[in-house]
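Notes to accompany the following structure.
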Amino acid sequence: MILAGGHVPTQNIFFQQINLKNELKTANKIIIGFSAGSMNCSEEVYAQPELQGESLDPNYKRFLKGLGITKSQILPHYNLIKNEYLDGKRLFEEITYPDSFGRSFITLNDGCYLYGDGQYEIVYGESFIISDGTIKK
């Protein structure tokens, strides 16, 4: 099963509507997620704001219930978006870092991936951990 990219909250709503989490409980399948699909695999999804106005909207939900396939909260495409601005703010330093207090996000550069087998998870490739307002390699 492949879970592709898109807008994280929109995809998350769709997955809930089709009850995908329940379907996956009994499925004996290999699941590949990329971009938004990988983000929605976690137990708790960090829906990093990405569209204009989302970081300013008090009703935008940054933390969503995910599919529960991984424990890790993934932020893909780090090498492409690490210097981006959204709503006049630095995406990571002014939006994501403050959201990381009490949580841990794994950033993945394109070409990296997280492998999990239900018992453990390991990252292959260059990645960083954002936690409690800081980033570490």
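Ordering of the structure tokens sets the chain letters (A, B, ...), residue numbers begin anew at 1 in every chain, and ligands are numbered from 1 in the order given.
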Can you pull out the residues contacting stretch 51-66 of chain A? Cut-off 9 Å, using only C-alpha atoms, and skip same-chain residues under 5 positions away; I want them as a list in words.
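Residues meeting the cut-off are His7, Pro9, Asn12, Phe15, Gln16, Lys21, Met39, Asn40, Cys41, Ser42, Glu43, Glu44, Val45, Tyr46, Leu86, Asp87, Lys89, Ile95 and Asp99 of chain A.
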Written selection (N, CA, C and O atoms) as an mmCIF file, in the first residue's frame:
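Contents of result_23.cif, as written:
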data_model
loop_
_atom_site.group_PDB
_atom_site.id
_atom_site.type_symbol
_atom_site.label_atom_id
_atom_site.label_comp_id
_atom_site.auth_asym_id
_atom_site.auth_seq_id
_atom_site.Cartn_x
_atom_site.Cartn_y
_atom_site.Cartn_z
ATOM 1 N N HIS A 7 -1.786 17.658 1.018
ATOM 2 C CA HIS A 7 -1.967 18.538 2.179
ATOM 3 C C HIS A 7 -2.275 17.660 3.385
ATOM 4 O O HIS A 7 -3.258 16.912 3.372
ATOM 5 N N PRO A 9 -3.485 17.909 6.578
ATOM 6 C CA PRO A 9 -4.811 17.850 7.218
ATOM 7 C C PRO A 9 -5.908 17.316 6.298
ATOM 8 O O PRO A 9 -6.787 16.575 6.748
ATOM 9 N N ASN A 12 -5.461 13.629 6.102
ATOM 10 C CA ASN A 12 -5.821 13.062 7.396
ATOM 11 C C ASN A 12 -7.340 12.899 7.520
ATOM 12 O O ASN A 12 -7.831 11.856 7.970
ATOM 13 N N PHE A 15 -8.430 9.979 5.335
ATOM 14 C CA PHE A 15 -8.108 8.697 5.966
ATOM 15 C C PHE A 15 -9.110 8.358 7.068
ATOM 16 O O PHE A 15 -9.487 7.201 7.237
ATOM 17 N N GLN A 16 -9.543 9.365 7.814
ATOM 18 C CA GLN A 16 -10.556 9.124 8.849
ATOM 19 C C GLN A 16 -11.901 8.760 8.228
ATOM 20 O O GLN A 16 -12.589 7.870 8.723
ATOM 21 N N LYS A 21 -7.370 3.570 9.301
ATOM 22 C CA LYS A 21 -6.663 3.029 10.467
ATOM 23 C C LYS A 21 -7.210 1.656 10.841
ATOM 24 O O LYS A 21 -6.451 0.718 11.101
ATOM 25 N N MET A 39 3.832 11.433 7.006
ATOM 26 C CA MET A 39 3.475 12.214 8.192
ATOM 27 C C MET A 39 2.220 11.658 8.851
ATOM 28 O O MET A 39 2.141 11.552 10.075
ATOM 29 N N ASN A 40 1.247 11.278 8.055
ATOM 30 C CA ASN A 40 -0.013 10.757 8.586
ATOM 31 C C ASN A 40 0.105 9.336 9.118
ATOM 32 O O ASN A 40 -0.839 8.816 9.708
ATOM 33 N N CYS A 41 1.253 8.707 8.961
ATOM 34 C CA CYS A 41 1.467 7.359 9.505
ATOM 35 C C CYS A 41 1.663 7.354 11.016
ATOM 36 O O CYS A 41 1.471 6.330 11.662
ATOM 37 N N SER A 42 2.067 8.465 11.594
ATOM 38 C CA SER A 42 2.378 8.467 13.027
ATOM 39 C C SER A 42 1.121 8.391 13.898
ATOM 40 O O SER A 42 0.009 8.620 13.441
ATOM 41 N N GLU A 43 1.343 8.042 15.157
ATOM 42 C CA GLU A 43 0.225 7.992 16.108
ATOM 43 C C GLU A 43 -0.372 9.382 16.272
ATOM 44 O O GLU A 43 -1.583 9.562 16.240
ATOM 45 N N GLU A 44 0.503 10.369 16.495
ATOM 46 C CA GLU A 44 0.083 11.760 16.557
ATOM 47 C C GLU A 44 0.807 12.479 15.430
ATOM 48 O O GLU A 44 2.029 12.460 15.362
ATOM 49 N N VAL A 45 0.063 13.094 14.553
ATOM 50 C CA VAL A 45 0.613 13.765 13.377
ATOM 51 C C VAL A 45 0.870 15.225 13.714
ATOM 52 O O VAL A 45 -0.002 15.915 14.241
ATOM 53 N N TYR A 46 2.069 15.684 13.389
ATOM 54 C CA TYR A 46 2.338 17.119 13.443
ATOM 55 C C TYR A 46 2.062 17.666 12.053
ATOM 56 O O TYR A 46 2.805 17.413 11.112
ATOM 57 N N LEU A 86 6.821 31.360 6.043
ATOM 58 C CA LEU A 86 5.373 31.224 5.910
ATOM 59 C C LEU A 86 4.722 32.304 6.761
ATOM 60 O O LEU A 86 5.055 32.437 7.957
ATOM 61 N N ASP A 87 3.836 33.041 6.180
ATOM 62 C CA ASP A 87 3.128 34.111 6.902
ATOM 63 C C ASP A 87 4.107 35.097 7.549
ATOM 64 O O ASP A 87 3.883 35.581 8.661
ATOM 65 N N LYS A 89 7.021 34.452 8.745
ATOM 66 C CA LYS A 89 7.816 33.823 9.808
ATOM 67 C C LYS A 89 8.728 32.759 9.207
ATOM 68 O O LYS A 89 8.378 32.124 8.219
ATOM 69 N N ILE A 95 8.071 28.727 13.822
ATOM 70 C CA ILE A 95 6.808 27.980 13.857
ATOM 71 C C ILE A 95 7.034 26.576 14.427
ATOM 72 O O ILE A 95 6.455 26.205 15.444
ATOM 73 N N ASP A 99 6.627 24.667 18.393
ATOM 74 C CA ASP A 99 5.651 23.577 18.473
ATOM 75 C C ASP A 99 6.267 22.282 19.004
ATOM 76 O O ASP A 99 5.540 21.346 19.329
#
Determine, counting only C-alpha atoms, which protein, DNA and RNA residues have an atom within 9 Å of an atom of A:Ile106; residues of the same chain fewer than 2 positions away are not included. Present the result as a PyMOL selection string.
chain A and resi 72-76+104+108+123+127-131
Stretch 39-137 of chain A: residues DSSP assigns to alpha helix (DSSP H), reported as a compact mmCIF listing (two decimals) with N, CA and C atoms, in the first residue's frame:
# COMPACT_ATOMS: atom_id res chain seq x y z
N MET A 39 3.83 11.43 7.01
CA MET A 39 3.48 12.21 8.19
C MET A 39 2.22 11.66 8.85
N TYR A 78 13.13 18.14 4.38
CA TYR A 78 13.82 19.16 5.18
C TYR A 78 14.82 19.96 4.35
N ASN A 79 15.60 19.28 3.51
CA ASN A 79 16.60 19.98 2.72
C ASN A 79 15.97 21.01 1.78
N LEU A 80 14.74 20.83 1.39
CA LEU A 80 14.07 21.75 0.47
C LEU A 80 13.36 22.90 1.17
N ILE A 81 12.91 22.68 2.41
CA ILE A 81 12.06 23.69 3.06
C ILE A 81 12.68 24.32 4.31
N TYR A 97 9.91 24.97 15.68
CA TYR A 97 10.66 24.82 16.93
C TYR A 97 9.76 25.08 18.15
N PRO A 98 9.00 26.17 18.17
CA PRO A 98 8.11 26.38 19.33
C PRO A 98 7.06 25.27 19.50
N ASP A 99 6.63 24.67 18.39
CA ASP A 99 5.65 23.58 18.47
C ASP A 99 6.27 22.28 19.00
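Distances from A:Ile32, A:Phe105, A:Asn22, A:Ile2 to A:Ala47 were compared using only C-alpha atoms, and the smallest one belongs to A:Phe105.
Between atom CA of A:Glu126 and atom CA of A:Asp110 the interatomic distance comes to 9.0 Å.
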From the set A:Ile31, A:Ile135, A:Gly111, A:Asp117, which residue has the shortest atom-to-atom contact distance to A:Lys82, counting only C-alpha atoms?
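Counting only C-alpha atoms, the residue closest to A:Lys82 is A:Ile135.
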Pull the strand (DSSP E) assignments for stretch 64-100 of chain A out of DSSP run on the backbone, and list those residues as a PyMOL selection string.
chain A and resi 64-65+73-75+85-86+89-90
How would the residues just chosen look if you wrote them out with N, CA, C and O atoms as a short mmCIF file (atom, residue, chain, number, x, y, z; two decimals), in the first residue's frame?
data_model
loop_
_atom_site.label_atom_id
_atom_site.label_comp_id
_atom_site.auth_asym_id
_atom_site.auth_seq_id
_atom_site.Cartn_x
_atom_site.Cartn_y
_atom_site.Cartn_z
N LEU A 64 -2.79 16.12 15.04
CA LEU A 64 -3.94 15.32 14.62
C LEU A 64 -3.72 13.86 14.99
O LEU A 64 -2.59 13.41 15.14
N LYS A 65 -4.80 13.13 15.08
CA LYS A 65 -4.72 11.70 15.31
C LYS A 65 -4.34 11.03 14.00
O LYS A 65 -4.99 11.24 12.98
N GLN A 73 7.16 11.20 14.62
CA GLN A 73 6.51 12.27 13.88
C GLN A 73 7.51 12.76 12.84
O GLN A 73 8.58 13.27 13.19
N ILE A 74 7.17 12.60 11.58
CA ILE A 74 8.09 12.85 10.48
C ILE A 74 7.81 14.20 9.82
O ILE A 74 6.66 14.56 9.59
N LEU A 75 8.90 14.90 9.50
CA LEU A 75 8.83 16.12 8.69
C LEU A 75 9.71 15.89 7.47
O LEU A 75 10.94 15.96 7.56
N TYR A 85 9.89 30.55 4.46
CA TYR A 85 9.11 31.47 5.29
C TYR A 85 7.63 31.20 5.03
O TYR A 85 7.25 30.84 3.91
N LEU A 86 6.82 31.36 6.04
CA LEU A 86 5.37 31.22 5.91
C LEU A 86 4.72 32.30 6.76
O LEU A 86 5.05 32.44 7.96
N LYS A 89 7.02 34.45 8.74
CA LYS A 89 7.82 33.82 9.81
C LYS A 89 8.73 32.76 9.21
O LYS A 89 8.38 32.12 8.22
N ARG A 90 9.88 32.55 9.84
CA ARG A 90 10.75 31.45 9.44
C ARG A 90 10.04 30.15 9.82
O ARG A 90 9.66 29.97 10.99
#
Can you tell me, as a list in words, what residues are no more than 8 Å from A:Ala4 when counting only C-alpha atoms, ignoring any on the same chain fewer than 3 positions away?
Gly33, Phe34, Ser35, Ala36, Gly37 and Ser38 of chain A
Generate the output file for the selected residues, N, CA, C and O atoms, as a short mmCIF file (atom, residue, chain, number, x, y, z; two decimals), in the first residue's frame.
data_model
loop_
_atom_site.label_atom_id
_atom_site.label_comp_id
_atom_site.auth_asym_id
_atom_site.auth_seq_id
_atom_site.Cartn_x
_atom_site.Cartn_y
_atom_site.Cartn_z
N GLY A 33 4.96 5.16 2.80
CA GLY A 33 4.41 6.50 2.85
C GLY A 33 5.47 7.50 2.44
O GLY A 33 6.64 7.35 2.81
N PHE A 34 5.09 8.48 1.67
CA PHE A 34 6.02 9.55 1.38
C PHE A 34 5.30 10.88 1.50
O PHE A 34 4.09 10.97 1.35
N SER A 35 6.08 11.88 1.85
CA SER A 35 5.57 13.23 2.03
C SER A 35 4.42 13.22 3.06
O SER A 35 4.60 12.69 4.15
N ALA A 36 3.28 13.76 2.73
CA ALA A 36 2.16 13.80 3.67
C ALA A 36 1.75 12.40 4.12
O ALA A 36 1.35 12.20 5.27
N GLY A 37 1.87 11.43 3.24
CA GLY A 37 1.54 10.05 3.60
C GLY A 37 2.40 9.53 4.74
O GLY A 37 1.91 8.85 5.63
N SER A 38 3.68 9.88 4.73
CA SER A 38 4.56 9.46 5.82
C SER A 38 4.22 10.18 7.12
O SER A 38 4.28 9.61 8.20
#
